[in-house]
>>> print(open('protein_18.cif').read())   # mmCIF, C-alpha atoms
data_protein
#
loop_
_atom_site.label_atom_id
_atom_site.label_comp_id
_atom_site.auth_asym_id
_atom_site.auth_seq_id
_atom_site.Cartn_x
_atom_site.Cartn_y
_atom_site.Cartn_z
CA MET A 28 8.42 -14.14 -0.19
CA ASN A 29 10.52 -12.95 -3.09
CA VAL A 30 9.64 -9.30 -3.43
CA GLU A 31 12.44 -7.20 -4.83
CA SER A 32 12.49 -9.20 -8.00
CA PHE A 33 13.12 -6.26 -10.29
CA ALA A 34 15.82 -4.66 -8.15
CA SER A 35 18.58 -7.10 -9.05
CA GLY A 36 20.21 -6.59 -12.41
CA ASN A 37 22.88 -4.51 -14.03
CA SER A 38 21.16 -2.48 -16.70
CA LEU A 39 21.70 1.21 -17.38
CA PHE A 40 18.74 1.82 -15.06
CA HIS A 41 19.95 -0.27 -12.15
CA ARG A 42 23.20 1.68 -11.99
CA ARG A 43 21.51 5.09 -11.76
CA ASP A 44 21.22 7.02 -8.50
CA ALA A 45 17.93 6.22 -6.72
CA ARG A 46 17.15 9.90 -6.17
CA VAL A 47 17.47 10.68 -9.86
CA LYS A 48 15.18 7.80 -10.77
CA LEU A 49 12.71 8.75 -8.07
CA ILE A 50 12.41 12.36 -9.23
CA GLY A 51 12.17 11.26 -12.87
CA ALA A 52 9.47 8.70 -12.06
CA MET A 53 7.46 11.16 -9.97
CA VAL A 54 7.46 13.85 -12.66
CA LEU A 55 6.71 11.44 -15.50
CA SER A 56 3.94 9.66 -13.56
CA LEU A 57 2.34 12.97 -12.66
CA VAL A 58 2.39 14.18 -16.27
CA LEU A 59 1.01 10.88 -17.54
CA ALA A 60 -1.67 10.74 -14.82
CA LEU A 61 -2.97 14.25 -15.47
CA ASN A 62 -3.01 14.00 -19.25
CA THR A 63 -6.39 13.56 -20.95
CA ASP A 64 -5.29 13.59 -24.57
CA MET A 65 -5.32 10.27 -26.45
CA THR A 66 -2.30 11.01 -28.71
CA VAL A 67 -0.15 12.02 -25.74
CA ALA A 68 -1.29 8.91 -23.86
CA VAL A 69 -0.15 6.72 -26.77
CA ALA A 70 3.19 8.58 -26.99
CA GLY A 71 3.67 8.31 -23.21
CA CYS A 72 2.92 4.61 -23.27
CA VAL A 73 5.40 4.01 -26.11
CA PHE A 74 8.10 6.05 -24.35
CA SER A 75 7.69 4.29 -21.02
CA ALA A 76 7.63 0.93 -22.80
CA ILE A 77 11.05 1.85 -24.25
CA LEU A 78 12.25 2.71 -20.73
CA LEU A 79 11.00 -0.65 -19.55
CA VAL A 80 12.77 -2.59 -22.33
CA LEU A 81 16.03 -0.75 -21.51
CA SER A 82 15.73 -1.74 -17.85
CA LYS A 83 15.71 -5.43 -18.90
CA PRO A 84 13.10 -6.90 -16.52
CA ASP A 85 12.65 -10.63 -16.06
CA PRO A 86 10.10 -11.31 -18.85
CA GLN A 87 8.12 -14.01 -17.06
CA LEU A 88 7.68 -12.01 -13.90
CA PHE A 89 6.94 -8.87 -15.84
CA LEU A 90 4.11 -10.59 -17.76
CA LYS A 91 2.63 -11.83 -14.51
CA ARG A 92 2.63 -8.33 -13.01
CA ILE A 93 1.25 -6.68 -16.11
CA ALA A 94 -1.62 -9.19 -16.13
CA LEU A 95 -2.40 -8.29 -12.49
CA VAL A 96 -2.33 -4.57 -13.18
CA ASN A 97 -4.67 -5.01 -16.13
CA ILE A 98 -7.37 -6.92 -14.30
CA PHE A 99 -9.00 -3.64 -13.36
CA THR A 100 -8.58 -2.11 -16.83
CA LEU A 101 -10.15 -5.26 -18.27
CA PHE A 102 -13.01 -4.80 -15.83
CA LEU A 103 -13.42 -1.24 -17.15
CA PHE A 104 -13.40 -2.47 -20.76
CA ILE A 105 -16.26 -4.82 -19.91
CA THR A 106 -18.33 -2.46 -17.77
CA LEU A 107 -17.73 1.07 -19.10
CA PRO A 108 -19.13 0.62 -22.65
CA LEU A 109 -22.30 -0.78 -21.06
CA THR A 110 -22.66 1.58 -18.12
CA TYR A 111 -21.02 4.86 -19.19
CA SER A 112 -23.57 7.66 -19.35
CA GLY A 113 -23.34 8.67 -22.98
CA ASP A 114 -22.96 5.94 -25.51
CA SER A 115 -20.91 2.78 -25.77
CA SER A 116 -18.22 4.36 -27.98
CA SER A 117 -17.40 7.12 -25.46
CA GLY A 118 -17.26 4.45 -22.74
CA LEU A 119 -14.83 2.49 -24.88
CA ALA A 120 -12.73 5.61 -25.52
CA ILE A 121 -12.49 6.33 -21.79
CA ALA A 122 -11.55 2.72 -21.07
CA THR A 123 -8.82 2.85 -23.74
CA LEU A 124 -7.42 6.12 -22.38
CA ILE A 125 -7.34 4.72 -18.84
CA ALA A 126 -5.70 1.48 -20.00
CA LEU A 127 -2.97 3.46 -21.80
CA LYS A 128 -2.35 5.73 -18.80
CA THR A 129 -2.35 2.89 -16.27
CA ASN A 130 0.14 0.87 -18.29
CA ALA A 131 2.38 3.84 -19.09
CA ILE A 132 2.70 4.76 -15.40
CA PHE A 133 3.19 1.12 -14.51
CA PHE A 134 6.06 0.83 -17.00
CA CYS A 135 7.67 3.97 -15.56
CA PHE A 136 7.36 2.55 -12.07
CA LEU A 137 8.91 -0.78 -13.04
CA SER A 138 11.83 0.74 -14.93
CA LEU A 139 12.61 3.66 -12.61
CA ILE A 140 11.50 2.69 -9.10
CA ALA A 141 11.45 -1.10 -8.93
CA THR A 142 15.06 -1.17 -10.18
CA SER A 143 16.23 0.27 -6.84
CA ASN A 144 16.11 -1.68 -3.60
CA ALA A 145 13.96 -0.51 -0.70
CA ALA A 146 16.93 0.64 1.39
CA SER A 147 18.35 3.04 -1.18
CA LEU A 148 14.83 4.24 -2.00
CA GLY A 149 14.22 5.02 1.67
CA TYR A 150 17.27 7.23 1.85
CA ALA A 151 16.49 8.74 -1.54
CA LEU A 152 13.01 9.67 -0.26
CA GLN A 153 14.53 11.28 2.80
CA ASN A 154 16.98 13.19 0.61
CA ILE A 155 14.19 14.72 -1.40
CA GLY A 156 12.23 15.80 1.65
CA MET A 157 10.38 12.91 3.27
CA PRO A 158 10.29 13.40 7.09
CA THR A 159 12.95 11.49 9.06
CA LYS A 160 10.37 9.63 11.15
CA LEU A 161 8.54 8.43 8.06
CA THR A 162 11.82 7.26 6.54
CA PHE A 163 12.54 5.41 9.75
CA LEU A 164 9.12 3.72 9.61
CA PHE A 165 9.67 2.81 5.97
CA LEU A 166 13.13 1.32 6.48
CA PHE A 167 12.22 -0.55 9.64
CA SER A 168 8.98 -1.99 8.34
CA TYR A 169 10.91 -3.16 5.32
CA ARG A 170 13.56 -4.69 7.56
CA GLN A 171 11.02 -6.50 9.75
CA LEU A 172 8.30 -7.61 7.40
CA PHE A 173 10.18 -10.66 6.15
CA ILE A 174 10.68 -11.83 9.73
CA ILE A 175 7.03 -11.27 10.57
CA ASN A 176 5.93 -13.06 7.44
CA GLN A 177 8.14 -16.00 8.41
CA GLU A 178 6.65 -16.05 11.88
CA TYR A 179 3.13 -16.09 10.48
CA LYS A 180 4.06 -18.83 8.01
CA ARG A 181 5.49 -20.91 10.85
CA LEU A 182 2.27 -20.66 12.86
CA GLN A 183 0.27 -21.48 9.75
CA ARG A 184 2.41 -24.54 9.08
CA ALA A 185 1.95 -25.69 12.67
CA ALA A 186 -1.82 -25.33 12.32
CA ARG A 187 -1.79 -27.34 9.12
CA LEU A 188 0.25 -30.09 10.74
CA ARG A 189 -2.44 -30.29 13.39
CA GLY A 190 -5.03 -31.00 10.73
CA PHE A 191 -6.42 -27.50 10.13
CA ILE A 192 -8.27 -27.34 6.81
CA PRO A 193 -9.50 -23.85 5.88
CA GLY A 194 -13.08 -23.49 4.71
CA SER A 195 -15.81 -20.85 4.75
CA ASN A 196 -16.82 -21.28 8.37
CA LEU A 197 -16.53 -19.57 11.72
CA HIS A 198 -13.91 -22.03 12.95
CA THR A 199 -11.60 -21.08 10.06
CA TYR A 200 -12.01 -17.37 10.70
CA ARG A 201 -11.36 -17.80 14.40
CA THR A 202 -8.25 -19.86 13.67
CA TYR A 203 -6.88 -17.29 11.21
CA SER A 204 -7.61 -14.56 13.75
CA ASN A 205 -5.70 -16.38 16.44
CA LEU A 206 -2.77 -17.04 14.10
CA PHE A 207 -2.65 -13.39 13.15
CA ALA A 208 -3.14 -12.16 16.71
CA MET A 209 -0.26 -14.37 17.85
CA THR A 210 1.91 -12.90 15.09
CA LEU A 211 0.92 -9.47 16.34
CA VAL A 212 1.84 -10.30 19.94
CA LYS A 213 5.20 -11.65 18.81
CA SER A 214 6.02 -8.62 16.71
CA TRP A 215 4.92 -6.28 19.51
CA ASN A 216 7.35 -7.94 21.88
CA ARG A 217 10.03 -8.06 19.22
CA ALA A 218 9.64 -4.30 18.79
CA ASP A 219 10.41 -3.84 22.49
CA ARG A 220 13.52 -5.99 22.31
CA VAL A 221 14.81 -4.32 19.14
CA HIS A 222 14.18 -0.90 20.63
CA GLN A 223 16.08 -1.76 23.81
CA ALA A 224 18.95 -3.23 21.83
CA MET A 225 19.17 -0.10 19.70
CA LEU A 226 19.08 2.22 22.72
CA LEU A 227 21.95 0.23 24.22
CA ARG A 228 23.93 0.83 21.05
CA GLY A 229 23.37 4.56 21.29
CA PHE A 230 20.47 5.02 18.88
CA SER A 231 19.40 8.67 18.73
CA GLY A 232 16.76 8.60 16.03
CA VAL A 233 19.09 8.91 13.05
CA LEU A 234 19.81 6.00 10.75
CA ILE A 235 23.12 6.04 8.93
CA PRO A 236 23.11 4.49 5.46
CA LEU A 237 25.76 1.89 4.69
CA HIS A 238 26.09 2.89 1.06
CA ARG A 239 25.96 6.55 0.31
CA GLN A 240 25.07 7.17 -3.30
CA THR A 241 26.55 10.02 -5.27
CA ALA A 242 24.99 11.33 -8.45
CA GLY A 243 27.51 11.53 -11.30
CA LEU A 244 27.42 13.17 -14.71
CA ALA A 245 25.57 10.19 -16.22
CA ASP A 246 22.84 10.59 -13.59
CA TYR A 247 22.34 14.25 -14.38
CA ILE A 248 22.17 13.57 -18.13
CA PHE A 249 19.69 10.77 -17.43
CA LEU A 250 17.48 13.03 -15.31
CA SER A 251 17.63 15.84 -17.88
CA ALA A 252 16.51 13.45 -20.61
CA LEU A 253 13.57 12.23 -18.52
CA LEU A 254 12.53 15.75 -17.60
CA PHE A 255 12.80 16.87 -21.22
CA ILE A 256 10.43 14.07 -22.31
CA ALA A 257 8.06 14.98 -19.46
CA LEU A 258 8.11 18.60 -20.63
CA LEU A 259 7.34 17.56 -24.21
CA LEU A 260 4.43 15.39 -23.05
CA THR A 261 3.09 18.23 -20.89
CA PHE A 262 3.28 20.65 -23.80
CA PHE A 263 1.34 18.42 -26.18
CA SER A 264 -1.08 17.50 -23.42
CA LEU A 265 -1.87 21.19 -22.76
CA PHE A 266 -2.01 22.17 -26.45
CA PRO A 267 -3.41 19.12 -28.23
CA ASN A 268 -4.12 21.11 -31.40
CA PHE A 269 -0.45 21.95 -31.84
CA SER A 270 0.38 18.48 -33.08
CA MET B 28 -8.45 -2.22 -2.16
CA HIS B 29 -6.17 -0.14 -4.30
CA ILE B 30 -7.01 2.20 -7.10
CA SER B 31 -4.50 1.86 -9.93
CA GLU B 32 -2.72 4.77 -11.53
CA GLY B 33 -4.27 6.56 -14.47
CA ILE B 34 -7.91 6.33 -13.41
CA LEU B 35 -8.61 9.31 -11.19
CA SER B 36 -8.90 12.97 -12.15
CA ALA B 37 -6.51 15.72 -11.05
CA PRO B 38 -8.75 17.31 -8.34
CA VAL B 39 -9.38 13.92 -6.69
CA LEU B 40 -5.68 13.04 -6.79
CA ALA B 41 -4.75 16.42 -5.32
CA GLY B 42 -7.41 16.21 -2.61
CA GLY B 43 -6.27 12.74 -1.59
CA ALA B 44 -2.63 13.82 -1.51
CA VAL B 45 -3.36 16.85 0.68
CA LEU B 46 -5.53 14.96 3.19
CA THR B 47 -3.09 12.05 3.42
CA THR B 48 -0.21 14.46 3.98
CA VAL B 49 -2.14 16.14 6.80
CA GLY B 50 -3.15 12.80 8.36
CA THR B 51 0.40 11.45 8.13
CA ALA B 52 1.81 14.66 9.63
CA ILE B 53 -0.59 14.45 12.60
CA GLY B 54 0.25 10.76 13.03
CA LEU B 55 3.98 11.44 12.97
CA LYS B 56 3.66 14.35 15.36
CA LYS B 57 1.91 12.15 17.91
CA LEU B 58 4.59 9.52 17.52
CA ASP B 59 7.70 9.79 19.66
CA TYR B 60 10.84 7.72 19.19
CA ASP B 61 9.85 5.39 22.05
CA ARG B 62 6.83 4.19 20.11
CA ILE B 63 8.23 4.37 16.63
CA MET B 64 9.61 0.85 16.76
CA SER B 65 6.23 -0.62 17.69
CA VAL B 66 4.59 1.32 14.89
CA SER B 67 7.11 0.08 12.30
CA LEU B 68 6.49 -3.48 13.43
CA LEU B 69 2.74 -2.92 13.22
CA SER B 70 3.17 -1.45 9.78
CA ALA B 71 5.04 -4.58 8.73
CA THR B 72 2.35 -6.75 10.35
CA PHE B 73 -0.31 -4.83 8.43
CA PHE B 74 1.65 -5.58 5.25
CA VAL B 75 1.73 -9.28 6.14
CA ALA B 76 -2.04 -9.25 6.85
CA SER B 77 -2.63 -8.23 3.25
CA LEU B 78 -0.85 -11.42 2.17
CA ILE B 79 -3.20 -13.60 4.22
CA HIS B 80 -6.01 -15.00 2.14
CA VAL B 81 -9.01 -16.40 3.98
CA PRO B 82 -11.47 -18.61 2.13
CA LEU B 83 -14.87 -17.15 1.32
CA GLY B 84 -17.28 -19.30 -0.66
CA PRO B 85 -15.61 -20.42 -3.88
CA GLY B 86 -12.92 -17.72 -3.73
CA SER B 87 -10.87 -15.99 -1.07
CA VAL B 88 -10.33 -12.48 0.22
CA HIS B 89 -7.21 -11.00 1.70
CA LEU B 90 -7.25 -9.31 5.09
CA LEU B 91 -6.77 -5.60 5.55
CA LEU B 92 -7.23 -5.03 9.31
CA GLY B 93 -6.93 -1.25 9.15
CA GLY B 94 -9.63 -0.95 11.82
CA LEU B 95 -7.55 -3.10 14.15
CA LEU B 96 -4.50 -0.95 13.55
CA GLY B 97 -6.58 2.14 14.34
CA LEU B 98 -7.72 0.57 17.63
CA ILE B 99 -4.13 -0.20 18.59
CA ILE B 100 -2.30 3.00 17.66
CA GLY B 101 -4.93 5.62 16.81
CA TRP B 102 -3.42 8.40 14.68
CA GLY B 103 -0.20 6.43 14.34
CA ALA B 104 -2.13 4.12 11.99
CA PHE B 105 -2.00 6.84 9.35
CA PRO B 106 1.77 6.84 8.73
CA ALA B 107 1.88 3.07 9.39
CA ILE B 108 -0.62 2.39 6.62
CA VAL B 109 0.95 4.87 4.23
CA VAL B 110 4.32 3.15 4.69
CA ALA B 111 2.75 -0.28 4.12
CA LEU B 112 1.13 1.02 0.94
CA MET B 113 4.48 2.37 -0.25
CA LEU B 114 6.04 -1.03 0.27
CA GLN B 115 3.15 -2.74 -1.53
CA ALA B 116 3.54 -0.36 -4.45
CA LEU B 117 7.27 -1.04 -4.52
CA PHE B 118 7.05 -4.84 -4.26
CA PHE B 119 3.83 -5.71 -6.04
CA GLN B 120 3.11 -2.54 -8.02
CA TYR B 121 -0.31 -2.18 -6.40
CA GLY B 122 -1.24 1.47 -6.71
CA GLY B 123 1.63 3.86 -7.38
CA ILE B 124 3.19 7.21 -6.55
CA VAL B 125 0.61 9.64 -7.86
CA VAL B 126 -2.34 7.72 -6.47
CA LEU B 127 -0.66 7.02 -3.10
CA GLY B 128 -2.43 9.96 -1.46
CA VAL B 129 -5.89 8.76 -2.45
CA ASN B 130 -5.15 5.14 -1.56
CA GLY B 131 -3.70 6.25 1.79
CA LEU B 132 -6.81 8.26 2.56
CA ILE B 133 -9.14 5.43 1.51
CA ILE B 134 -7.56 2.93 3.89
CA ALA B 135 -5.97 4.98 6.67
CA GLY B 136 -8.72 7.59 7.09
CA PRO B 137 -11.47 5.15 8.11
CA ALA B 138 -8.96 3.08 10.12
CA VAL B 139 -7.99 6.04 12.31
CA PHE B 140 -11.58 7.29 12.54
CA CYS B 141 -13.02 3.92 13.65
CA GLY B 142 -10.09 3.28 15.96
CA LEU B 143 -10.45 6.58 17.79
CA ILE B 144 -14.24 6.35 18.11
CA LEU B 145 -14.41 2.71 19.19
CA HIS B 146 -11.37 2.52 21.46
CA PRO B 147 -13.22 3.68 24.63
CA TRP B 148 -15.59 0.71 24.21
CA LEU B 149 -12.72 -1.73 24.66
CA LYS B 150 -12.44 -0.74 28.32
CA LYS B 151 -15.96 -1.98 29.10
CA ASN B 152 -17.27 -5.54 29.41
CA SER B 153 -16.52 -8.39 27.02
CA LYS B 154 -19.76 -8.04 25.09
CA GLN B 155 -19.08 -4.40 24.26
CA ARG B 156 -15.51 -5.29 23.39
CA ALA B 157 -16.77 -7.84 20.90
CA ILE B 158 -19.14 -5.29 19.38
CA ALA B 159 -16.39 -2.66 19.21
CA GLY B 160 -14.05 -5.15 17.54
CA PHE B 161 -16.64 -6.18 14.98
CA LEU B 162 -17.61 -2.60 14.21
CA ALA B 163 -13.97 -1.50 13.85
CA GLY B 164 -13.42 -4.11 11.15
CA PHE B 165 -16.83 -3.76 9.51
CA CYS B 166 -17.09 0.03 9.48
CA SER B 167 -13.52 0.71 8.41
CA ILE B 168 -14.05 -1.39 5.26
CA LEU B 169 -17.50 0.12 4.73
CA LEU B 170 -16.12 3.67 4.93
CA SER B 171 -13.12 2.71 2.78
CA ALA B 172 -15.43 1.30 0.11
CA ILE B 173 -17.55 4.46 0.24
CA LEU B 174 -14.46 6.65 -0.10
CA MET B 175 -13.23 4.53 -2.99
CA ALA B 176 -16.60 4.78 -4.73
CA MET B 177 -16.59 8.54 -4.16
CA ALA B 178 -13.08 8.90 -5.58
CA LEU B 179 -14.21 7.09 -8.73
CA TYR B 180 -17.48 9.00 -9.00
CA PHE B 181 -15.93 12.45 -8.52
CA SER B 182 -13.23 11.65 -11.08
CA ASP B 183 -15.82 10.95 -13.74
CA HIS B 184 -19.58 10.80 -13.20
CA GLY B 185 -19.70 8.05 -15.83
CA PHE B 186 -18.11 5.78 -13.20
CA LEU B 187 -21.36 5.77 -11.20
CA LYS B 188 -22.23 2.15 -11.87
CA VAL B 189 -18.64 0.96 -11.49
CA ALA B 190 -18.56 2.75 -8.12
CA GLY B 191 -21.77 0.96 -7.14
CA LEU B 192 -20.22 -2.39 -8.07
CA VAL B 193 -17.18 -1.55 -5.94
CA LEU B 194 -19.44 -0.88 -2.97
CA ILE B 195 -21.46 -4.08 -3.37
CA SER B 196 -18.43 -6.29 -3.97
CA HIS B 197 -16.97 -5.19 -0.61
CA LEU B 198 -19.98 -6.32 1.43
CA PRO B 199 -18.66 -9.84 2.14
CA VAL B 200 -15.22 -8.38 2.92
CA MET B 201 -16.82 -6.14 5.57
CA LEU B 202 -18.33 -9.14 7.33
CA ILE B 203 -15.09 -11.13 7.30
CA GLU B 204 -13.06 -8.14 8.51
CA GLY B 205 -15.59 -7.54 11.27
CA LEU B 206 -15.42 -11.14 12.46
CA ILE B 207 -11.64 -11.38 12.26
CA THR B 208 -11.09 -8.05 14.01
CA MET B 209 -13.51 -9.15 16.75
CA PHE B 210 -11.64 -12.43 17.27
CA VAL B 211 -8.23 -10.73 17.21
CA VAL B 212 -9.36 -8.16 19.82
CA ASN B 213 -10.69 -10.99 21.96
CA PHE B 214 -7.35 -12.82 21.71
CA LEU B 215 -5.31 -9.72 22.50
CA VAL B 216 -7.43 -8.90 25.55
CA LYS B 217 -6.70 -12.36 26.91
CA VAL B 218 -3.05 -12.61 25.96
CA GLN B 219 -1.58 -9.12 26.08
CA PRO B 220 -4.12 -6.35 26.79
CA GLU B 221 -1.39 -3.69 26.91
CA ILE B 222 -1.22 -3.82 23.09
CA LEU B 223 -4.72 -2.33 23.08
CA SER B 224 -3.68 0.09 25.88
CA ILE B 225 -6.28 -1.32 28.28
CA GLU B 226 -6.10 -2.85 31.73
CA THR B 227 -8.18 -5.90 32.54
#
>>> encode(input="protein_18.cif", output="structure tokens")
Amino acid sequence: MNVESFASGNSLFHRRDARVKLIGAMVLSLVLALNTDMTVAVAGCVFSAILLVLSKPDPQLFLKRIALVNIFTLFLFITLPLTYSGDSSSGLAIATLIALKTNAIFFCFLSLIATSNAASLGYALQNIGMPTKLTFLFLFSYRQLFIINQEYKRLQRAARLRGFIPGSNLHTYRTYSNLFAMTLVKSWNRADRVHQAMLLRGFSGVLIPLHRQTAGLADYIFLSALLFIALLLTFFSLFPNFS
Amino acid sequence: MHISEGILSAPVLAGGAVLTTVGTAIGLKKLDYDRIMSVSLLSATFFVASLIHVPLGPGSVHLLLGGLLGLIIGWGAFPAIVVALMLQALFFQYGGIVVLGVNGLIIAGPAVFCGLILHPWLKKNSKQRAIAGFLAGFCSILLSAILMAMALYFSDHGFLKVAGLVLISHLPVMLIEGLITMFVVNFLVKVQPEILSIET
């Protein structure tokens, strides 16, 4: 399972402080999500596309993800003109607006959030006010999910070696249930062992990050630029006649 | 079962965010540091479940198992599911930041609700356990699909037919989830009933 595929790299965006990127992405996404003006949606989409290009994502992977994200917008393009109460052109307009917004926010996410790894994001979230327990859950689930996935994969491989061929029948569903339930039992017991091991090492509920990030001048300039663009988009979204 | 960014209206997004914040806060409050490790592992297991594709006719569906999580940890399922959704958004870009509240409510709300209501049934005989397991899986997806349809409909009444399609397309998923949750409960009762907090 290769998941943090966008987090490795050395672009301008990868070097920025995770907190700065997180705040920027939250504000921009919110502005883009709440906007209902077509011109602003186009501008937002162009701007976030520029952000994305600057963050230099792996093109092949990026195309795969963008195709996945657009399955639902494609579905809207097919259904809305036919089903939208009104006429087909207003259905088409709504579908276009949604497609622009969805992609703009997706680009922001890829360039600003996916360029940080889960660990630094966890601490960044805690820094901007996420409860400590939730941060703990986030960081530990992240830490353990690869192991759990491996355990499940191992059981699945064992089943296949014993001649298990999945199909649409009750036997298949029961087998998958047992594989999953066994994974659950293993992770439950693993949780106990990890918890005991951590208590023995003096765990008191606080996790200490290995790499503490500090925001420099470049980070502040970066954040100001993002917020300025967000402000512009908000302005034109609230007063569409101004442009 | 995620709604992408850019589709829902501001009131729906705000409502989802508020309710998910409340649910997560209650879940976290009921969670002490002795249980937090189990919940993080369950959250990770829930994430892995969404990667499991079971065959269904010509295609396949992926598991969700929110109902099962609700049966196991009750309110704790709320933060567990929200965390799993955050990780899914981060790794696969399913959903996103602004829509996290609504997505959290759609999946975690029914999971906690079904878990709390059906948990007492697990303590009875094996037949009732099977029914409780099936209903936990079936009803949590049913309620999630209804919530999802409502989120779409209240964002824009023009989404009525799309919302209907969402509801219908989840019918087979409900059956599969019901069956799988029933089998998993059955397995856990035999192998390690303490996971379900019951004595046999």
>>> interface_residues(input="protein_18.cif", of="chain A", to="chain B", cutoff="6 Å", atoms="all atoms listed in the file", output="JSON, numbers by chain")
{"A": [30, 31, 60, 61, 111, 112, 125, 128, 129, 164, 165, 167, 168, 172, 176, 194, 195, 204, 208, 218]}
>>> resolve_selection(input="protein_18.cif", expression="the PyMOL selection byres ((chain A and resi 59) around 8)", output="PDB file with C-alpha atoms, in the coordinates of the input")
ATOM      1  CA  LEU A  55       6.710  11.440 -15.500  1.00  0.00           C
ATOM      2  CA  SER A  56       3.940   9.660 -13.560  1.00  0.00           C
ATOM      3  CA  LEU A  57       2.340  12.970 -12.660  1.00  0.00           C
ATOM      4  CA  VAL A  58       2.390  14.180 -16.270  1.00  0.00           C
ATOM      5  CA  ALA A  60      -1.670  10.740 -14.820  1.00  0.00           C
ATOM      6  CA  LEU A  61      -2.970  14.250 -15.470  1.00  0.00           C
ATOM      7  CA  ASN A  62      -3.010  14.000 -19.250  1.00  0.00           C
ATOM      8  CA  ALA A  68      -1.290   8.910 -23.860  1.00  0.00           C
ATOM      9  CA  GLY A  71       3.670   8.310 -23.210  1.00  0.00           C
ATOM     10  CA  LYS A 128      -2.350   5.730 -18.800  1.00  0.00           C
ATOM     11  CA  ALA A 131       2.380   3.840 -19.090  1.00  0.00           C
ATOM     12  CA  ILE A 132       2.700   4.760 -15.400  1.00  0.00           C
ATOM     13  CA  LEU A 260       4.430  15.390 -23.050  1.00  0.00           C
TER      14      LEU A 260
ATOM     15  CA  GLY B  33      -4.270   6.560 -14.470  1.00  0.00           C
TER      16      GLY B  33
END
>>> atom_distance(input="protein_18.cif", atom1="atom CA of A:Ser75", atom2="atom CA of A:Leu124")
15.3 Å
>>> residues_around(input="protein_18.cif", residues="stretch 167-170 of chain B", least_positions_apart="6", cutoff="12 Å", atoms="all atoms listed in the file", output="PyMOL selection string")
chain B and resi 28+90-98+132-145+159-161+176-177+193-205+208
>>> write_last_selection(input="protein_18.cif", atoms="C-alpha atoms", output="PDB file, in the frame of the given file")
ATOM      1  CA  MET B  28      -8.450  -2.220  -2.160  1.00  0.00           C
ATOM      2  CA  LEU B  90      -7.250  -9.310   5.090  1.00  0.00           C
ATOM      3  CA  LEU B  91      -6.770  -5.600   5.550  1.00  0.00           C
ATOM      4  CA  LEU B  92      -7.230  -5.030   9.310  1.00  0.00           C
ATOM      5  CA  GLY B  93      -6.930  -1.250   9.150  1.00  0.00           C
ATOM      6  CA  GLY B  94      -9.630  -0.950  11.820  1.00  0.00           C
ATOM      7  CA  LEU B  95      -7.550  -3.100  14.150  1.00  0.00           C
ATOM      8  CA  LEU B  96      -4.500  -0.950  13.550  1.00  0.00           C
ATOM      9  CA  GLY B  97      -6.580   2.140  14.340  1.00  0.00           C
ATOM     10  CA  LEU B  98      -7.720   0.570  17.630  1.00  0.00           C
ATOM     11  CA  LEU B 132      -6.810   8.260   2.560  1.00  0.00           C
ATOM     12  CA  ILE B 133      -9.140   5.430   1.510  1.00  0.00           C
ATOM     13  CA  ILE B 134      -7.560   2.930   3.890  1.00  0.00           C
ATOM     14  CA  ALA B 135      -5.970   4.980   6.670  1.00  0.00           C
ATOM     15  CA  GLY B 136      -8.720   7.590   7.090  1.00  0.00           C
ATOM     16  CA  PRO B 137     -11.470   5.150   8.110  1.00  0.00           C
ATOM     17  CA  ALA B 138      -8.960   3.080  10.120  1.00  0.00           C
ATOM     18  CA  VAL B 139      -7.990   6.040  12.310  1.00  0.00           C
ATOM     19  CA  PHE B 140     -11.580   7.290  12.540  1.00  0.00           C
ATOM     20  CA  CYS B 141     -13.020   3.920  13.650  1.00  0.00           C
ATOM     21  CA  GLY B 142     -10.090   3.280  15.960  1.00  0.00           C
ATOM     22  CA  LEU B 143     -10.450   6.580  17.790  1.00  0.00           C
ATOM     23  CA  ILE B 144     -14.240   6.350  18.110  1.00  0.00           C
ATOM     24  CA  LEU B 145     -14.410   2.710  19.190  1.00  0.00           C
ATOM     25  CA  ALA B 159     -16.390  -2.660  19.210  1.00  0.00           C
ATOM     26  CA  GLY B 160     -14.050  -5.150  17.540  1.00  0.00           C
ATOM     27  CA  PHE B 161     -16.640  -6.180  14.980  1.00  0.00           C
ATOM     28  CA  ALA B 176     -16.600   4.780  -4.730  1.00  0.00           C
ATOM     29  CA  MET B 177     -16.590   8.540  -4.160  1.00  0.00           C
ATOM     30  CA  VAL B 193     -17.180  -1.550  -5.940  1.00  0.00           C
ATOM     31  CA  LEU B 194     -19.440  -0.880  -2.970  1.00  0.00           C
ATOM     32  CA  ILE B 195     -21.460  -4.080  -3.370  1.00  0.00           C
ATOM     33  CA  SER B 196     -18.430  -6.290  -3.970  1.00  0.00           C
ATOM     34  CA  HIS B 197     -16.970  -5.190  -0.610  1.00  0.00           C
ATOM     35  CA  LEU B 198     -19.980  -6.320   1.430  1.00  0.00           C
ATOM     36  CA  PRO B 199     -18.660  -9.840   2.140  1.00  0.00           C
ATOM     37  CA  VAL B 200     -15.220  -8.380   2.920  1.00  0.00           C
ATOM     38  CA  MET B 201     -16.820  -6.140   5.570  1.00  0.00           C
ATOM     39  CA  LEU B 202     -18.330  -9.140   7.330  1.00  0.00           C
ATOM     40  CA  ILE B 203     -15.090 -11.130   7.300  1.00  0.00           C
ATOM     41  CA  GLU B 204     -13.060  -8.140   8.510  1.00  0.00           C
ATOM     42  CA  GLY B 205     -15.590  -7.540  11.270  1.00  0.00           C
ATOM     43  CA  THR B 208     -11.090  -8.050  14.010  1.00  0.00           C
TER      44      THR B 208
END
>>> axis_aligned_box(input="protein_18.cif", around="stretch 122-127 of chain B", padding_each_side="6 Å", output="AutoDock Vina command-line options")
--center_x 0.4 --center_y 5.6 --center_z -5.5 --size_x 17.5 --size_y 20.2 --size_z 16.8
